[in-house]
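Visitor: Please find my_file_14.csv (CSV, C-alpha atoms) on the next line:
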chain,number,residue,atom,x,y,z
I,25,MET,CA,-24.1,36.3,98.5
I,26,THR,CA,-22.3,39.5,97.4
I,27,TYR,CA,-21.5,38.2,93.9
I,28,LEU,CA,-25.1,37.7,93.0
I,29,LYS,CA,-26.8,40.7,91.4
I,30,PRO,CA,-30.4,41.3,92.6
I,31,LEU,CA,-33.0,40.7,89.9
I,32,PHE,CA,-35.3,43.5,91.0
I,33,ARG,CA,-35.3,46.7,89.0
I,34,HIS,CA,-37.6,49.7,89.2
I,35,PRO,CA,-40.6,48.9,87.0
I,36,LYS,CA,-40.5,52.4,85.4
I,37,LEU,CA,-37.0,52.3,84.2
I,38,PRO,CA,-36.5,54.0,80.7
I,39,LYS,CA,-36.7,51.6,77.7
I,40,ASN,CA,-35.1,51.8,74.3
I,41,LYS,CA,-36.6,51.1,70.9
I,42,LEU,CA,-36.4,47.3,71.5
I,43,GLY,CA,-38.3,47.7,74.8
I,44,TYR,CA,-35.2,46.8,76.9
I,45,THR,CA,-34.0,48.6,80.0
I,46,LEU,CA,-30.4,48.8,81.1
I,47,LYS,CA,-30.9,45.6,82.9
I,48,GLU,CA,-30.7,43.6,79.7
I,49,TYR,CA,-27.3,45.1,79.0
I,50,GLU,CA,-25.7,44.5,82.3
I,51,GLY,CA,-23.4,41.7,83.3
I,52,THR,CA,-22.3,40.1,86.6
I,53,ILE,CA,-21.1,42.0,89.6
I,54,SER,CA,-17.5,43.2,89.2
I,55,THR,CA,-14.8,41.7,91.2
I,56,LEU,CA,-12.3,44.5,90.4
I,57,CYS,CA,-11.1,46.9,93.1
I,58,ALA,CA,-13.7,49.4,94.3
I,59,GLY,CA,-13.3,52.6,92.3
I,60,CYS,CA,-11.5,50.9,89.4
I,61,GLY,CA,-11.8,53.0,86.2
I,62,HIS,CA,-12.4,49.8,84.2
I,63,ASP,CA,-15.9,49.5,85.8
I,64,SER,CA,-16.7,53.0,84.6
I,65,ILE,CA,-15.8,51.9,81.0
I,66,SER,CA,-18.0,48.9,81.3
I,67,ALA,CA,-20.9,51.2,82.4
I,68,THR,CA,-20.3,53.4,79.3
I,69,ILE,CA,-20.4,50.3,77.0
I,70,VAL,CA,-23.7,49.3,78.6
I,71,GLN,CA,-25.1,52.8,78.1
I,72,ALA,CA,-24.0,53.1,74.5
I,73,CYS,CA,-25.5,49.7,73.5
I,74,PHE,CA,-28.7,50.6,75.3
I,75,GLU,CA,-29.0,53.9,73.6
I,76,LEU,CA,-28.3,52.4,70.1
I,77,SER,CA,-30.9,49.7,70.8
I,78,ILE,CA,-28.5,46.9,69.9
I,79,GLU,CA,-29.7,43.3,70.4
I,80,PRO,CA,-27.4,41.9,73.1
I,81,HIS,CA,-27.2,38.5,71.4
I,82,LEU,CA,-25.8,40.1,68.3
I,83,VAL,CA,-22.7,41.3,70.2
I,84,ALA,CA,-19.4,39.4,70.6
I,85,LYS,CA,-16.9,40.4,73.3
I,86,ILE,CA,-13.3,39.1,72.9
I,87,SER,CA,-10.5,39.8,75.5
I,88,GLY,CA,-7.0,38.7,76.4
I,89,ILE,CA,-5.5,38.5,79.9
I,90,GLY,CA,-5.4,41.2,82.6
I,91,CYS,CA,-7.7,43.3,84.8
I,92,SER,CA,-9.2,44.9,81.7
I,93,SER,CA,-9.8,41.5,80.0
I,94,LYS,CA,-12.0,40.4,82.9
I,95,THR,CA,-14.5,43.2,82.2
I,96,PRO,CA,-16.5,41.5,79.4
I,97,ALA,CA,-18.1,39.5,82.2
I,98,TYR,CA,-19.4,42.7,83.7
I,99,PHE,CA,-21.3,44.1,80.7
I,100,LEU,CA,-23.8,42.6,78.2
I,101,GLY,CA,-24.3,39.3,80.0
I,102,ASN,CA,-26.7,38.1,77.3
I,103,SER,CA,-24.1,38.4,74.5
I,104,HIS,CA,-21.3,36.1,73.3
I,105,GLY,CA,-17.9,36.2,74.9
I,106,PHE,CA,-14.4,34.6,74.6
I,107,ASN,CA,-11.5,35.2,77.0
I,108,SER,CA,-8.4,34.4,74.9
I,109,VAL,CA,-4.7,34.0,75.5
I,110,HIS,CA,-2.6,37.0,76.7
I,111,GLY,CA,-2.1,39.4,73.7
I,112,ARG,CA,-4.0,37.2,71.2
I,113,MET,CA,-7.4,38.9,71.4
I,114,PRO,CA,-7.1,40.3,67.8
I,115,SER,CA,-6.5,36.9,66.2
I,116,VAL,CA,-9.6,35.4,67.9
I,117,ALA,CA,-11.7,38.4,67.0
I,118,THR,CA,-10.5,38.2,63.4
I,119,GLY,CA,-11.6,34.6,63.1
I,120,ALA,CA,-15.0,35.2,64.6
I,121,ASN,CA,-15.5,38.3,62.4
I,122,LEU,CA,-14.6,36.4,59.3
I,123,ALA,CA,-17.1,33.7,60.2
I,124,ASN,CA,-20.0,36.1,61.0
I,125,LYS,CA,-19.7,39.7,60.0
I,126,ASN,CA,-23.2,40.6,61.0
I,127,MET,CA,-22.4,41.0,64.7
I,128,VAL,CA,-21.0,43.9,66.7
I,129,TYR,CA,-17.5,43.1,68.0
I,130,PHE,CA,-15.9,44.5,71.1
I,131,GLY,CA,-12.2,43.8,71.5
I,132,VAL,CA,-11.3,44.6,75.1
I,133,SER,CA,-7.6,44.8,76.1
I,134,GLY,CA,-5.2,46.5,78.5
I,135,ASP,CA,-1.9,48.4,78.2
I,136,GLY,CA,0.1,45.2,79.0
I,137,ASP,CA,-2.1,43.0,76.8
I,138,THR,CA,-1.7,45.4,73.8
I,139,ALA,CA,1.5,47.4,74.2
I,140,SER,CA,3.7,44.5,75.2
I,141,ILE,CA,3.0,40.9,74.4
I,142,GLY,CA,0.2,41.7,72.0
I,143,MET,CA,1.9,44.5,70.1
I,144,GLY,CA,2.4,42.4,66.9
I,145,GLN,CA,-1.3,41.4,66.9
I,146,PHE,CA,-2.3,45.1,67.5
I,147,VAL,CA,-0.3,46.1,64.4
I,148,HIS,CA,-1.8,43.6,62.1
I,149,VAL,CA,-5.4,44.0,63.2
I,150,ILE,CA,-5.1,47.7,62.4
I,151,ARG,CA,-3.5,46.9,59.0
I,152,ARG,CA,-6.4,44.6,58.2
I,153,ASN,CA,-9.0,47.1,59.3
I,154,LEU,CA,-11.1,44.5,61.1
I,155,ASN,CA,-14.6,45.8,61.7
I,156,MET,CA,-14.6,46.0,65.5
I,157,VAL,CA,-14.4,48.3,68.5
I,158,TYR,CA,-10.9,47.9,70.1
I,159,ILE,CA,-10.9,49.4,73.6
I,160,VAL,CA,-7.7,49.6,75.6
I,161,MET,CA,-8.2,50.2,79.3
I,162,ASN,CA,-4.9,52.0,80.0
I,163,ASN,CA,-3.7,52.3,83.6
I,164,GLY,CA,0.1,52.3,83.0
I,165,CYS,CA,0.7,49.3,85.2
I,166,TYR,CA,0.2,45.6,85.6
I,167,GLY,CA,-2.5,45.5,88.2
I,168,LEU,CA,-2.8,41.7,88.4
I,169,THR,CA,0.9,41.3,89.3
I,170,LYS,CA,1.2,44.0,91.9
I,171,GLY,CA,1.6,47.2,89.9
I,172,GLN,CA,4.8,47.0,87.9
I,173,ASP,CA,5.2,49.7,85.2
I,174,SER,CA,3.7,48.8,81.8
I,175,ALA,CA,4.9,49.9,78.4
I,176,THR,CA,2.6,52.9,78.5
I,177,ALA,CA,3.9,54.3,81.8
I,178,ASP,CA,5.3,57.8,81.2
I,179,VAL,CA,9.0,58.5,81.7
I,180,GLY,CA,9.6,60.0,85.1
I,181,SER,CA,6.3,58.8,86.5
I,182,ALA,CA,6.4,57.3,90.0
I,183,SER,CA,4.8,54.0,91.0
I,184,LYS,CA,3.2,53.4,94.4
I,185,SER,CA,6.4,51.8,95.5
I,186,GLY,CA,8.3,55.0,94.7
I,187,HIS,CA,10.0,53.5,91.6
I,188,ILE,CA,10.6,56.1,88.9
I,189,ASN,CA,10.1,54.9,85.4
I,190,PRO,CA,13.2,55.5,83.2
I,191,PHE,CA,11.7,54.5,79.9
I,192,GLN,CA,9.8,56.3,77.2
I,193,PRO,CA,6.2,55.2,76.9
I,194,VAL,CA,4.4,53.6,74.0
I,195,ASP,CA,1.8,56.1,72.8
I,196,LEU,CA,-0.9,53.8,71.5
I,197,ALA,CA,-3.2,56.5,70.0
I,198,SER,CA,-0.4,58.0,68.0
I,199,LEU,CA,0.8,54.6,66.9
I,200,ALA,CA,-2.7,53.6,65.8
I,201,VAL,CA,-2.9,56.7,63.6
I,202,GLU,CA,0.6,56.1,62.2
I,203,LEU,CA,-0.4,52.4,61.4
I,204,GLY,CA,-3.4,53.5,59.5
I,205,ALA,CA,-6.3,52.9,61.9
I,206,THR,CA,-9.5,54.4,60.4
I,207,PHE,CA,-11.0,55.6,63.7
I,208,VAL,CA,-8.8,56.7,66.6
I,209,ALA,CA,-10.1,58.3,69.8
I,210,GLN,CA,-8.8,58.8,73.3
I,211,SER,CA,-10.7,59.4,76.5
I,212,PHE,CA,-10.8,59.2,80.3
I,213,SER,CA,-12.8,56.6,82.3
I,214,GLY,CA,-14.1,59.4,84.5
I,215,ASP,CA,-15.6,61.3,81.6
I,216,LYS,CA,-18.8,59.4,80.7
I,217,GLN,CA,-20.3,62.4,78.8
I,218,GLN,CA,-17.4,62.1,76.3
I,219,LEU,CA,-16.9,58.4,76.3
I,220,VAL,CA,-20.5,57.3,75.6
I,221,PRO,CA,-20.8,59.1,72.2
I,222,LEU,CA,-17.3,58.0,71.3
I,223,ILE,CA,-18.3,54.3,71.8
I,224,LYS,CA,-21.5,54.8,69.9
I,225,ALA,CA,-19.7,56.4,67.0
I,226,ALA,CA,-17.1,53.5,67.1
I,227,ILE,CA,-19.8,50.9,66.9
I,228,GLN,CA,-21.3,52.6,63.8
I,229,HIS,CA,-17.9,53.0,62.1
I,230,LYS,CA,-17.1,50.4,59.4
I,231,GLY,CA,-13.6,49.3,60.2
I,232,LEU,CA,-11.3,49.2,63.2
I,233,ALA,CA,-12.3,51.8,65.8
I,234,PHE,CA,-9.6,52.2,68.4
I,235,ILE,CA,-10.3,53.9,71.7
I,236,ASN,CA,-7.4,54.4,74.2
I,237,VAL,CA,-9.0,55.1,77.6
I,238,MET,CA,-7.0,56.4,80.6
I,239,SER,CA,-8.3,54.2,83.4
I,240,PRO,CA,-6.6,54.8,86.8
I,241,CYS,CA,-5.6,51.8,88.9
I,242,VAL,CA,-6.9,52.8,92.3
I,243,THR,CA,-4.7,50.2,94.1
I,244,PHE,CA,-1.3,50.5,92.4
I,245,ASN,CA,-1.2,53.7,90.3
I,246,ASN,CA,-3.4,56.4,91.8
I,247,ASN,CA,-0.6,58.0,93.8
I,248,PRO,CA,1.2,61.4,93.6
I,249,GLY,CA,3.8,61.2,90.9
I,250,SER,CA,1.7,58.9,88.7
I,251,THR,CA,0.6,60.3,85.3
I,252,LYS,CA,-2.2,57.8,85.1
I,253,SER,CA,-3.9,58.8,88.4
I,254,TYR,CA,-7.4,60.4,88.6
I,255,ASP,CA,-6.0,63.8,89.7
I,256,TYR,CA,-3.3,63.9,87.1
I,257,VAL,CA,-5.6,63.0,84.2
I,258,ARG,CA,-8.3,65.5,85.3
I,259,GLU,CA,-5.8,68.3,85.5
I,260,HIS,CA,-4.1,67.6,82.2
I,261,MET,CA,-7.0,66.7,79.9
I,262,GLN,CA,-7.4,68.8,76.7
I,263,ALA,CA,-10.5,67.8,74.7
I,264,THR,CA,-10.5,68.1,70.9
I,265,GLY,CA,-14.0,69.6,71.3
I,266,THR,CA,-17.5,69.0,72.7
I,267,LEU,CA,-19.1,66.2,70.7
I,268,ASP,CA,-22.1,63.9,70.5
I,269,PHE,CA,-23.1,61.1,68.2
I,270,VAL,CA,-26.1,61.5,65.9
I,271,PRO,CA,-27.5,58.5,64.0
I,272,GLU,CA,-27.3,58.9,60.2
I,273,ARG,CA,-30.1,61.0,58.6
I,274,GLU,CA,-30.0,64.0,56.3
I,275,ALA,CA,-26.7,65.8,56.8
I,276,ILE,CA,-26.6,68.6,59.3
I,277,LYS,CA,-23.8,71.1,58.6
I,278,ALA,CA,-22.3,74.0,60.6
I,279,GLU,CA,-19.6,76.4,59.7
I,280,TYR,CA,-18.0,78.6,62.3
I,281,ALA,CA,-14.6,80.0,63.2
I,282,ALA,CA,-11.9,78.2,65.3
I,283,GLY,CA,-12.1,78.9,69.0
I,284,THR,CA,-15.8,79.9,68.8
I,285,ASP,CA,-19.1,78.2,69.7
I,286,THR,CA,-22.2,77.5,67.7
I,287,ALA,CA,-25.6,75.9,68.2
I,288,VAL,CA,-26.9,73.3,65.8
I,289,SER,CA,-30.5,72.0,65.7
I,290,LEU,CA,-30.8,68.2,65.5
I,291,HIS,CA,-33.4,66.1,63.8
I,292,ASP,CA,-35.4,65.6,67.0
I,293,GLY,CA,-35.6,69.3,67.6
I,294,THR,CA,-33.0,69.4,70.3
I,295,VAL,CA,-30.0,71.6,70.1
I,296,MET,CA,-26.3,70.7,70.3
I,297,ARG,CA,-23.6,73.3,71.1
I,298,LEU,CA,-20.3,72.8,69.4
I,299,HIS,CA,-16.9,74.2,70.3
I,300,LYS,CA,-14.1,74.2,67.7
I,301,LEU,CA,-10.7,73.6,69.3
I,302,ALA,CA,-8.1,75.0,66.9
I,303,PRO,CA,-7.7,75.7,63.2
I,304,GLU,CA,-4.7,73.4,62.7
I,305,TRP,CA,-6.5,70.3,63.9
I,306,ASN,CA,-8.7,68.3,61.4
I,307,PRO,CA,-9.9,64.8,62.4
I,308,GLU,CA,-10.1,63.7,58.8
I,309,ASP,CA,-6.5,64.7,58.1
I,310,ARG,CA,-4.0,62.1,59.3
I,311,LEU,CA,-1.0,64.5,59.5
I,312,SER,CA,-3.1,67.1,61.4
I,313,ALA,CA,-4.1,64.5,63.9
I,314,VAL,CA,-0.5,63.4,64.5
I,315,ASN,CA,0.6,67.0,65.0
I,316,ALA,CA,-2.2,67.7,67.4
I,317,MET,CA,-1.3,64.7,69.6
I,318,GLN,CA,2.5,65.6,69.5
I,319,GLN,CA,1.8,69.2,70.4
I,320,ALA,CA,-0.4,68.1,73.4
I,321,ARG,CA,2.3,65.6,74.5
I,322,ALA,CA,4.9,68.4,74.4
I,323,LYS,CA,2.7,70.4,76.8
I,324,ASN,CA,2.2,67.4,79.1
I,325,GLU,CA,-1.5,67.4,78.1
I,326,ILE,CA,-3.7,64.3,77.4
I,327,LEU,CA,-5.6,65.0,74.2
I,328,THR,CA,-9.0,63.4,74.4
I,329,GLY,CA,-12.0,63.0,72.0
I,330,LEU,CA,-12.1,61.9,68.4
I,331,LEU,CA,-8.6,62.3,67.1
I,332,TYR,CA,-8.8,60.8,63.6
I,333,ILE,CA,-11.4,59.2,61.3
I,334,ASN,CA,-11.3,57.8,57.7
I,335,THR,CA,-14.6,56.6,56.3
I,336,GLU,CA,-13.4,55.9,52.8
I,337,PHE,CA,-11.3,52.8,53.5
I,338,GLY,CA,-13.1,49.4,53.4
I,339,ASP,CA,-13.0,46.9,56.2
I,340,LEU,CA,-11.4,43.4,56.0
I,341,HIS,CA,-14.4,41.9,54.3
I,342,ASP,CA,-14.3,44.6,51.6
I,343,ILE,CA,-10.5,44.0,51.2
I,344,LEU,CA,-10.9,40.2,50.9
I,345,LYS,CA,-14.2,40.4,48.8
I,346,THR,CA,-15.9,37.9,51.0
I,347,SER,CA,-19.5,36.7,50.5
I,348,GLU,CA,-22.4,39.0,51.2
I,349,GLY,CA,-23.8,36.7,53.8
I,350,ALA,CA,-22.1,35.5,57.0
I,351,PHE,CA,-20.5,32.1,56.7
I,352,ASN,CA,-22.9,30.5,59.2
I,353,THR,CA,-25.8,31.5,56.8
I,354,LEU,CA,-24.4,29.8,53.7
I,355,GLY,CA,-25.8,26.5,52.6
I,356,GLU,CA,-24.0,23.3,51.5
I,357,LYS,CA,-24.1,24.3,47.8
I,358,ALA,CA,-22.2,27.5,48.5
I,359,LEU,CA,-19.7,26.0,50.9
I,360,CYS,CA,-19.1,22.9,48.8
I,361,PRO,CA,-19.6,24.0,45.1
I,362,GLY,CA,-18.3,20.7,43.7
I,363,GLU,CA,-15.3,19.4,41.8
I,364,GLU,CA,-15.9,21.5,38.7
I,365,GLN,CA,-15.5,24.7,40.6
I,366,LEU,CA,-12.4,23.3,42.4
I,367,GLN,CA,-10.8,22.5,39.0
I,368,ALA,CA,-11.6,26.0,37.8
I,369,ILE,CA,-9.9,27.5,40.8
I,370,ASN,CA,-6.9,25.3,40.4
I,371,ALA,CA,-6.6,26.2,36.7
I,372,SER,CA,-6.7,29.9,37.5
I,373,LEU,CA,-3.7,29.5,39.7
I,374,ARG,CA,-1.5,27.8,37.2
Here is a file; write its structure as structure tokens.
Guide:
Amino acid sequence: MTYLKPLFRHPKLPKNKLGYTLKEYEGTISTLCAGCGHDSISATIVQACFELSIEPHLVAKISGIGCSSKTPAYFLGNSHGFNSVHGRMPSVATGANLANKNMVYFGVSGDGDTASIGMGQFVHVIRRNLNMVYIVMNNGCYGLTKGQDSATADVGSASKSGHINPFQPVDLASLAVELGATFVAQSFSGDKQQLVPLIKAAIQHKGLAFINVMSPCVTFNNNPGSTKSYDYVREHMQATGTLDFVPEREAIKAEYAAGTDTAVSLHDGTVMRLHKLAPEWNPEDRLSAVNAMQQARAKNEILTGLLYINTEFGDLHDILKTSEGAFNTLGEKALCPGEEQLQAINASLR
């Protein structure tokens, strides 16, 4: 049967530090359209978790409704998952994270799931800085309901039916920076070389890491006139710079002029070549990041890469001053401290 994935894998497949191959990070066979950008994103999540040697059973995948929200079935089949109500993924992820903060959380959503019915949830999960990787698979249309324009469709873009969108789009990456997200990135499903290190960095970031991924819908929105098609995105991408993710060790520093390249030796002896995009863009400066995105938008360019990062702001557990251990590890004495403690709490509120 075509929906069954063969169990056989080449015996000499590369293994990570846990002794796992990519097989341990795969899911079921995708039922999405052949060539869907969402499947490419699923593959990058598999690759990122494999390279970071993350235990699959320590990952939780939460999604809403839509083509994108089906994808958690297609990666990390040995992890936990919950397919929630349309637009309500952040609420479920918040509850799970508060109960057990020792897991890696992936929130998977789409442009309809986030930019329309789930916009209120999107705003508040950013405000609370929940420690999770929030990925929007953005194709500018509602693929499950025959390709109507979504809230992220660009004004003047044409759908497969020939309809021209008259409305201004919701720019999720700019909005995330404006709302105070502590990690904001943008990428293209067809750029695995860029997307894998972005996801790895997002996993390691403490706080909400938002990645808006342009993911063309091959069935309803990959036509001439669409600004979310493969051809359009490839022709209009402007990367913030060439980047890679290096696990934390002794700091490696490099100083070089804007618009130039430099080679940096890494801890394992390999060399990484860096290119600095422009002097007015600084990923640690919120205003600089907003200006860079607006300038790219004025040129009809899609700015990709790491746009903004803030490592000084604590996540939701830091804000609420929760217990050191996850709730599921606390014993009865900690969970039920007795009447004396209850009376003390009540007295403090009078």
Visitor: Name all residues at most 10 Å from stretch 336-350 of chain I (count only C-alpha atoms; drop same-chain ones fewer than 5 positions away) and give them as an NGL selection string.
Guide: :I and (118 or 121-127 or 149-156 or 204-206 or 229-232 or 358)
Visitor: Atom CA of I:Asp268 and atom CA of I:Asp309, how far apart in Å?
Guide: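 Distance between the two atoms: 19.9 Å.
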Visitor: Restricting the calculation to all atoms listed in the file: of I:Thr138, I:Gln262, I:Gln228, I:Gln172, which residue gets closest to I:Leu199?
Guide: I:Thr138
Visitor: Quote the spacing between atom CA of I:Leu76 and atom CA of I:Pro38 in Å to one decimal place.
Guide: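 Distance between the two atoms: 13.5 Å.
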Visitor: Could you jot down the atom CA of I:Asn163 to atom CA of I:Ile69 separation for me, Å, one decimal place?
Guide: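 Interatomic distance, atom CA of I:Asn163 to atom CA of I:Ile69: 18.1 Å.
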Visitor: So which residues touch stretch 239-248 of chain I within 8 Å, counting all atoms listed in the file, skipping near sequence neighbours fewer than 5 positions away, as a CSV table (one decimal) with C-alpha atoms, keeping the file's coordinate frame?
Guide:
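Saved result, around-v5.csv, follows:
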chain,number,residue,atom,x,y,z
I,57,CYS,CA,-11.1,46.9,93.1
I,58,ALA,CA,-13.7,49.4,94.3
I,59,GLY,CA,-13.3,52.6,92.3
I,60,CYS,CA,-11.5,50.9,89.4
I,61,GLY,CA,-11.8,53.0,86.2
I,62,HIS,CA,-12.4,49.8,84.2
I,161,MET,CA,-8.2,50.2,79.3
I,162,ASN,CA,-4.9,52.0,80.0
I,163,ASN,CA,-3.7,52.3,83.6
I,164,GLY,CA,0.1,52.3,83.0
I,165,CYS,CA,0.7,49.3,85.2
I,167,GLY,CA,-2.5,45.5,88.2
I,170,LYS,CA,1.2,44.0,91.9
I,171,GLY,CA,1.6,47.2,89.9
I,182,ALA,CA,6.4,57.3,90.0
I,183,SER,CA,4.8,54.0,91.0
I,184,LYS,CA,3.2,53.4,94.4
I,212,PHE,CA,-10.8,59.2,80.3
I,213,SER,CA,-12.8,56.6,82.3
I,214,GLY,CA,-14.1,59.4,84.5
I,253,SER,CA,-3.9,58.8,88.4
I,254,TYR,CA,-7.4,60.4,88.6
Visitor: Select, from I:Val109, I:Ser174, I:Gly90, I:Asn315, the residue with the minimum atom-to-atom distance to I:Asn189, counting all atoms listed in the file.
Guide: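 Closest residue, counting all atoms listed in the file: I:Ser174.
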Visitor: Each side padded by 6 Å, which centre and which edge lengths in Å (one decimal) define the axis-aligned box around the listed atoms of stretch 257-266 of chain I? Give them as lines of an AutoDock Vina configuration file.
Guide:
center_x = -10.8
center_y = 66.3
center_z = 78.2
size_x = 25.4
size_y = 18.6
size_z = 26.6
Visitor: I:Ala200, I:Gly142, I:Ala233, I:Ile223: which is nearest I:Phe74, counting all atoms listed in the file?
Guide: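 Closest to I:Phe74 of all the choices is I:Ile223.
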Visitor: Which is closer to I:Gly136 than all the others in I:Pro80, I:Gly186, I:Pro193, I:Gly105, using only C-alpha atoms?
Guide: I:Pro193
Visitor: Write out as a PyMOL selection string each polymer residue whose atoms come within 12 Å of I:Ala316, counting all atoms listed in the file; drop sequence neighbours fewer than 2 positions from it.
Guide: chain I and resi 197-198+201+262-264+301-307+309-314+318-323+325-332
Visitor: Can you work out which one of I:Arg258, I:His34, I:His148, I:Lys224 has the shortest atom-to-atom distance to I:Phe130, counting all atoms listed in the file?
Guide: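 With all atoms listed in the file as the atom set, the closest residue is I:Lys224.
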Visitor: When distances are computed from all atoms listed in the file, which of I:Thr68, I:Ser211, I:Thr176, I:Asn370 shows the smallest separation from I:Phe191?
Guide: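 So, comparing all the options, the nearest one is I:Thr176.
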Visitor: Using the partial input, fill out stretch 308-320 of chain I with N, CA, C and O atoms; write the result as an mmCIF file, in the frame of the given file.
Guide:
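So the final result, stored in out.cif, reads:
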data_model
loop_
_atom_site.group_PDB
_atom_site.id
_atom_site.type_symbol
_atom_site.label_atom_id
_atom_site.label_comp_id
_atom_site.auth_asym_id
_atom_site.auth_seq_id
_atom_site.Cartn_x
_atom_site.Cartn_y
_atom_site.Cartn_z
ATOM 1 N N GLU I 308 -10.112 64.515 60.015
ATOM 2 C CA GLU I 308 -10.100 63.700 58.800
ATOM 3 C C GLU I 308 -8.739 63.835 58.078
ATOM 4 O O GLU I 308 -8.563 63.270 56.995
ATOM 5 N N ASP I 309 -7.801 64.556 58.678
ATOM 6 C CA ASP I 309 -6.500 64.700 58.100
ATOM 7 C C ASP I 309 -5.473 64.006 59.045
ATOM 8 O O ASP I 309 -5.287 64.395 60.195
ATOM 9 N N ARG I 310 -4.842 62.963 58.523
ATOM 10 C CA ARG I 310 -4.000 62.100 59.300
ATOM 11 C C ARG I 310 -2.777 62.912 59.904
ATOM 12 O O ARG I 310 -2.444 62.786 61.093
ATOM 13 N N LEU I 311 -2.144 63.729 59.076
ATOM 14 C CA LEU I 311 -1.000 64.500 59.500
ATOM 15 C C LEU I 311 -1.421 65.535 60.586
ATOM 16 O O LEU I 311 -0.705 65.751 61.570
ATOM 17 N N SER I 312 -2.580 66.144 60.390
ATOM 18 C CA SER I 312 -3.100 67.100 61.400
ATOM 19 C C SER I 312 -3.330 66.450 62.717
ATOM 20 O O SER I 312 -3.026 67.023 63.766
ATOM 21 N N ALA I 313 -3.876 65.229 62.698
ATOM 22 C CA ALA I 313 -4.100 64.500 63.900
ATOM 23 C C ALA I 313 -2.852 64.170 64.676
ATOM 24 O O ALA I 313 -2.750 64.320 65.901
ATOM 25 N N VAL I 314 -1.836 63.712 63.907
ATOM 26 C CA VAL I 314 -0.500 63.400 64.500
ATOM 27 C C VAL I 314 0.079 64.631 65.143
ATOM 28 O O VAL I 314 0.586 64.596 66.270
ATOM 29 N N ASN I 315 0.041 65.757 64.430
ATOM 30 C CA ASN I 315 0.600 67.000 65.000
ATOM 31 C C ASN I 315 -0.094 67.450 66.222
ATOM 32 O O ASN I 315 0.549 67.902 67.177
ATOM 33 N N ALA I 316 -1.440 67.330 66.248
ATOM 34 C CA ALA I 316 -2.200 67.700 67.400
ATOM 35 C C ALA I 316 -1.821 66.914 68.643
ATOM 36 O O ALA I 316 -1.668 67.440 69.756
ATOM 37 N N MET I 317 -1.632 65.591 68.452
ATOM 38 C CA MET I 317 -1.300 64.700 69.600
ATOM 39 C C MET I 317 0.154 65.017 70.061
ATOM 40 O O MET I 317 0.423 65.033 71.267
ATOM 41 N N GLN I 318 1.076 65.277 69.129
ATOM 42 C CA GLN I 318 2.500 65.600 69.500
ATOM 43 C C GLN I 318 2.565 66.902 70.233
ATOM 44 O O GLN I 318 3.334 67.053 71.188
ATOM 45 N N GLN I 319 1.798 67.891 69.780
ATOM 46 C CA GLN I 319 1.800 69.200 70.400
ATOM 47 C C GLN I 319 1.232 69.076 71.860
ATOM 48 O O GLN I 319 1.750 69.694 72.798
ATOM 49 N N ALA I 320 0.177 68.270 72.023
ATOM 50 C CA ALA I 320 -0.400 68.100 73.400
ATOM 51 C C ALA I 320 0.598 67.369 74.267
ATOM 52 O O ALA I 320 0.749 67.722 75.447
#
